[in-house]
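**Student:** My questions will all concern the structure given below.
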Number of protein chains: 4
Amino acid sequence: MDVVGLVVKLGSAIAEETALRVARAFESHGVRVLVEESVSYESLSSYPRFSLRGSVPGKLVVVGGDGTLLRTLLKLQDETPIIMGIRAGKRGFLLDVEKYEVEDRIRDFIRGDYKLVVYPRYAVYANGERLACILNDVAVVSKMAKLTRLNVLVDGYPAMRVDGDGVVVSSTVGSTAYSLSAGGPIVDPRLDVLIVTPLNPVQLHLRPLVVPSHSRVEASITPQSNEAYLNLDGQIVRELQPGSLVAITRCDAGVRMVRFRWWDNFYERLYTRLLAYW
Amino acid sequence: MDVVGLVVKLGSAIAEETALRVARAFESHGVRVLVEESVSYESLSSYPRFSLRGSVPGKLVVVGGDGTLLRTLLKLQDETPIIMGIRAGKRGFLLDVEKYEVEDRIRDFIRGDYKLVVYPRYAVYANGERLACILNDVAVVSKMAKLTRLNVLVDGYPAMRVDGDGVVVSSTVGSTAYSLSAGGPIVDPRLDVLIVTPLNPVQLHLRPLVVPSHSRVEASITPQSNEAYLNLDGQIVRELQPGSLVAITRCDAGVRMVRFRWWDNFYERLYTRLLAYW
Amino acid sequence: MDVVGLVVKLGSAIAEETALRVARAFESHGVRVLVEESVSYESLSSYPRFSLRGSVPGKLVVVGGDGTLLRTLLKLQDETPIIMGIRAGKRGFLLDVEKYEVEDRIRDFIRGDYKLVVYPRYAVYANGERLACILNDVAVVSKMAKLTRLNVLVDGYPAMRVDGDGVVVSSTVGSTAYSLSAGGPIVDPRLDVLIVTPLNPVQLHLRPLVVPSHSRVEASITPQSNEAYLNLDGQIVRELQPGSLVAITRCDAGVRMVRFRWWDNFYERLYTRLLAYW
Amino acid sequence: MDVVGLVVKLGSAIAEETALRVARAFESHGVRVLVEESVSYESLSSYPRFSLRGSVPGKLVVVGGDGTLLRTLLKLQDETPIIMGIRAGKRGFLLDVEKYEVEDRIRDFIRGDYKLVVYPRYAVYANGERLACILNDVAVVSKMAKLTRLNVLVDGYPAMRVDGDGVVVSSTVGSTAYSLSAGGPIVDPRLDVLIVTPLNPVQLHLRPLVVPSHSRVEASITPQSNEAYLNLDGQIVRELQPGSLVAITRCDAGVRMVRFRWWDNFYERLYTRLLAYW
């Protein structure tokens with residue numbers, strides 16, 4: 001490893017401090033460190049910069065929470081660097097490395113002593129325009145709490161009519177995020193599926209729906225609906241007019257994440273984090 | 001009955017036509033008709049006007065859907081006219097009279113041949129300021145799909161911590177509206193309660209909570225929360241900053257609705273309308 | 001106080017030990033102790049006996065868990081002694097006194113230094129025969145996992161058709177017991193209602209239903225149903241043939257429980273105990 | 001096709017009449033008809049017999065409801081005949097042919113004009129003993145409504161602790177049966193998964209879990225539990241003592257069902273049948 005890119009959560013003293021340790025650890029192994037251009041911490045100001053929209057190093061370290069990782073991935077186009085995630089915040093389901101072990105895991109990373117796990121991403125289209133690839137979920141959500149009316153189609157077949165707060169379509173990885181709060185099932189990380197969960201629908205008989213990963217899932221907002229928002233991995237990216245069509249299909253390139261532990265602790269991690277919310 | 005005020009749903013040919021029949025029926029019994037000032041239908045333009053914010057006739061007829069009634073009530077301050085509701089639209093759980101029977105029921109109304117049902121209203125305060133009285137529900141909902149964090153207090157005691165899309169506090173009457181879609185129970189119309197239902201909370205163990213009608217229910221948005229919206233009977237009325245406090249208490253004056261049928265068909269009406277949504 | 005009756009959970013060393021402390025504490029205040037006839041602990045064998053089916057002392061102390069209290073109440077006919085509950089087991093939502101404070105609370109009890117809380121009981125009839133009064137819940141449940149088909153009527157009006165594992169009708173007090181696991185809401189202890197919750201129904205649009213405490217709730221098992229069981233406060237008491245009718249109405253006499261703390265810690269107690277189950 | 005076996009629902013005039021039409025249709029094409037030995041209808045008494053436990057014809061026709069098919073499959077050991085299902089009853093999600101088209105579909109069956117769909121079956125073990133292969137679901141359910149306590153393990157990892165009415169483990173095909181009533185998701189028929197759904201658990205944070213089809217799912221009943229029942233495809237087959245272990249693994253041989261229509265109408269069929277239950 002010659003060079004590594006460093007992406008850091010903004011406005012967090014813990015993230016700044018952790019990122020500095022990360023940079024120094026890589027340097028101590030002779031690896032050159034580039035810092036993502038929006039990072040404005042004083043302590044990291046001397047490092048050369050790179051842009052997520054430009055030429056991205058083949059190996060990235062993301063320091064922060066799940067949100068930091070998700071926002072980073074949304075900006076990456078068809079680039080697919082290998083990513084190591086370091087948790088510097090309360091929530092970090094996707095991030096594997098804890099602060100206390102930063103130096104050890106960086107050594108393992110450089111040595112190649114890890115598993116590479118590929119998570120599928122899904123391309124999202126609004127009215128035919130390709131917007132981005134998501135990792136966790138796509139949601140069509142009500143704007144200003146006005147009823148959204150839409151039909152969900154799976155490979156062209158009508159699967160669900162929703163009048164309510166919208167719908168969330170989640171990947172396996174995203175099944176423990178927003179989809180779970182909205183009533184979706186927990187999905188074993190070895191499976192590769194999409195979960196379609198209606199949001200507070202008037203249609204009380206609706207249940208979450210699990211479909212194959214290679215399905216084309218569409219949310220067709222009816223002409224009678226109010227305007228809605230399109231939410232990609234937690235970011236509102238667009239307003240959707242009545243009559244809009246959102247389509248979700250599998251991307252060619254997934255996300256390659258470095259894992260030092262694997263799913264053997266999936267359920268333990270899951271419940272521990274879920275119940276820590278009380 | 002000397003005079004009646006007429007409130008009509010906007011932009012609906014069916015509502016306009018029905019309202020005209022209503023006006024003529026009252027006139028045929030010698031009752032003077034005033035039309036609410038925002039009604040702009042050509043066919044009703046010759047009637048004298050009144051304002052919901054001004055001097056309101058003691059008897060009102062609302063023609064439209066539940067939304068029309070709810071918006072009318074939000075505008076009424078401490079005025080409590082007797083209200084007859086006529087359904088002119090797909091949904092109208094609160095409105096008792098169907099189009100086909102308009103003339104017969106107006107005759108009954110004038111004769112006093114009806115039951116007067118009083119529905120409680122609840123005053124809503126934001127940071128100490130009294131905003132309005134609601135009939136159905138108050139919701140604190142996420143703005144732009146960003147996590148809302150809040151504590152629900154019942155008479156000062158912490159009852160629920162919600163990190164999610166917010167919370168809806170519903171009256172008995174509102175129990176079959178948004179609260180039901182969000183997972184709340186159906187409440188018999190003879191009961192007088194408030195239902196507190198969390199919206200897609202991260203805290204998976206939470207369940208809807210039913211409390212006495214005279215309780216003081218508060219939603220205290222934490223300083224760490226994102227901004228949220230305050231939704232009164234389906235209308236967004238205000239943006240809520242982190243640290244805001246929303247309080248709900250029973251109003252002195254309820255809504256007096258004219259009923260020609262009573263609850264003997266509550267469940268039948270309920271399921272018929274719920275299942276008509278498929 | 002001259003005399004107190006003592007009911008003790010069977011087969012529990014902790015209950016035995018606690019009961020002995022209870023007996024001695026009462027004796028030290030000059031109160032005569034009678035022990036319920038089914039209690040077979042050696043250490044309590046010298047006390048005179050009484051029968052729950054016979055002449056019951058006006059004051060009872062129940063040592064055990066919620067199940068001990070519920071079974072005791074089921075046996076009491078129209079007798080309504082004042083009851084103090086002492087928790088000697090893992091679960092005890094209904095029981096107010098912890099082991100460590102036995103002597104102090106018994107002193108308070110004798111002095112009259114407590115609140116008397118009256119919980120309503122509900123009489124249960126099967127095909128017209130009055131069976132018992134329940135405190136928590138009545139359930140019609142499938143026998144051997146065979147589909148139960150029934151209609152729920154509220155004051156004679158059809159309210160719910162259930163094809164599934166049956167239905168549970170719960171009091172306010174019972175709302176945090178079986179009803180909650182089955183999807184029912186949490187009900188504030190100051191309210192007085194019945195909650196009707198379907199058990200795993202084929203009818204996916206069904207939701208829990210909250211009705212007034214004075215309602216007559218009936219479960220009418222259809223002729224096409226399989227046989228079912230009738231469960232009163234957790235005890236199977238009867239097999240129900242297809243065509244059976246179970247009716248629930250409020251009892252005249254409620255349960256008078258001694259409370260040293262009151263509802264100010266209801267929600268805290270609730271979540272603490274619920275989440276202790278992980 | 002030389003010979004076909006005929007299995008018929010018992011005690012149903014519609015099933016008897018349909019079966020007779022089926023037998024005559026096969027005979028009119030020169031196919032010999034054997035009737036399953038437990039079928040006692042007078043009109044079919046002249047046909048030679050076969051046993052599901054003995055030598056089973058390579059092609060079977062099942063006339064009845066889903067229950068008839070499921071009970072037939074439970075009796076088949078490692079035999080895997082090709083099965084055509086004809087619906088003669090209210091419910092028949094698994095059965096493809098309606099009564100009105102019996103003769104046409106039998107002609108197609110003989111000609112080979114159909115799709116063969118293979119549904120996985122799952123072997124169920126109780127305390128190491130292999131009991132049977134199921135198609136829809138395995139449930140551990142409470143006996144006489146007494147709390148069942150169990151741990152669910154997925155490939156040896158603890159995934160769920162349930163104190164309640166038990167747990168249901170469902171195949172994809174079974175996802176629209178008991179699992180759905182118990183809160184499980186709907187699963188697209190092209191997916192191959194197991195769904196683990198807790199039944200009315202005290203642990204309110206639990207959610208249904210979707211795991212790969214090749215997983216080993218175990219339900220380990222704790223020593224502190226009450227006795228429970230083991231339910232295979234709707235049939236109680238065994239009582240389970242505290243400490244018992246139930247294991248579920250994929251069978252080598254699936255069920256080969258004849259399909260004349262395929263999944264293009266899956267969602268339409270689903271909602272039509274679900275909502276017909278109101």
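Residue numbering restarts at 1 for every chain of the structure tokens, chains are lettered A, B, ... in their displayed order, and ligands are numbered from 1 as they appear.
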For range 92-98 of chain A, list every protein, DNA or RNA residue within 6 Å, evaluated using only C-alpha atoms, and leave out those in the same chain fewer than 6 positions away; present the list as a compact mmCIF listing (two decimals) with N, CA and C atoms, in the first residue's frame.
**Tutor:**
```txt
# COMPACT_ATOMS: atom_id res chain seq x y z
N GLY A 65 -19.45 7.98 11.64
CA GLY A 65 -20.57 7.09 11.89
C GLY A 65 -21.09 6.54 10.57
N ASP A 66 -22.19 5.79 10.64
CA ASP A 66 -22.77 5.24 9.41
C ASP A 66 -23.08 6.34 8.41
N GLY A 85 -13.65 1.08 7.66
CA GLY A 85 -14.45 2.03 8.44
C GLY A 85 -14.04 2.02 9.91
N ILE A 86 -13.88 3.20 10.48
CA ILE A 86 -13.52 3.31 11.90
C ILE A 86 -14.60 4.12 12.60
```
**Student:** Neighbouring residues of range 148-155 of chain C were defined as those with any atom within 9 Å, considering only C-alpha atoms; residues of the same chain fewer than 2 positions away were excluded. Please report them as a VMD selection string.
**Tutor:** chain C and resid 140 to 143 145 to 146 157 to 167 196 211 215 to 228 242 to 243
**Student:** Quick one: which residues from chain C are at most 7 Å off chain D, using only C-alpha atoms, as an NGL selection string?
**Tutor:** :C and (144 or 181-182 or 200-204 or 236 or 277-278)
**Student:** Step one, run DSSP on the backbone; step two, keep only residues of range 12-217 of chain D assigned to helix (DSSP H, G or I); then write them as number ranges by chain.
**Tutor:** D: 13-28, 42-44, 66-75, 99-111, 173-176, 178-181
**Student:** Residues near Val56 in chain A, anyone? I mean within 8 Å using only C-alpha atoms, not counting same-chain ones fewer than 4 positions away, as JSON, numbers by chain.
**Tutor:** {"A": [5, 50, 51, 52, 79, 81]}
**Student:** Calculated over only C-alpha atoms, which of the candidates C:Arg87, C:Lys99, C:Lys115, C:Arg273 has the smallest distance to Arg256 in chain C?
**Tutor:**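 Of C:Arg87, C:Lys99, C:Lys115, C:Arg273, the one nearest Arg256 in chain C, counting only C-alpha atoms, is C:Lys115.
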**Student:** Quick check, in Å to one decimal: how far apart do CA of Gly174 in chain C and CA of Leu135 in chain C lie?
**Tutor:**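 Computing it gives 7.1 Å between the two atoms.
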**Student:** In Å, how far is it from CA of Val193 in chain D to CA of Pro208 in chain A?
**Tutor:** 15.0 Å
**Student:** So how far away is CA of Arg269 in chain B from CA of Gly58 in chain B, in Å?
**Tutor:**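 So the answer is 28.9 Å.
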**Student:** So which residues touch Arg105 in chain C within 12 Å, counting only C-alpha atoms, skipping near sequence neighbours fewer than 3 positions away, as a PyMOL selection string?
**Tutor:** chain C and resi 22+25-26+61+84-86+96-102+108-114+258-261
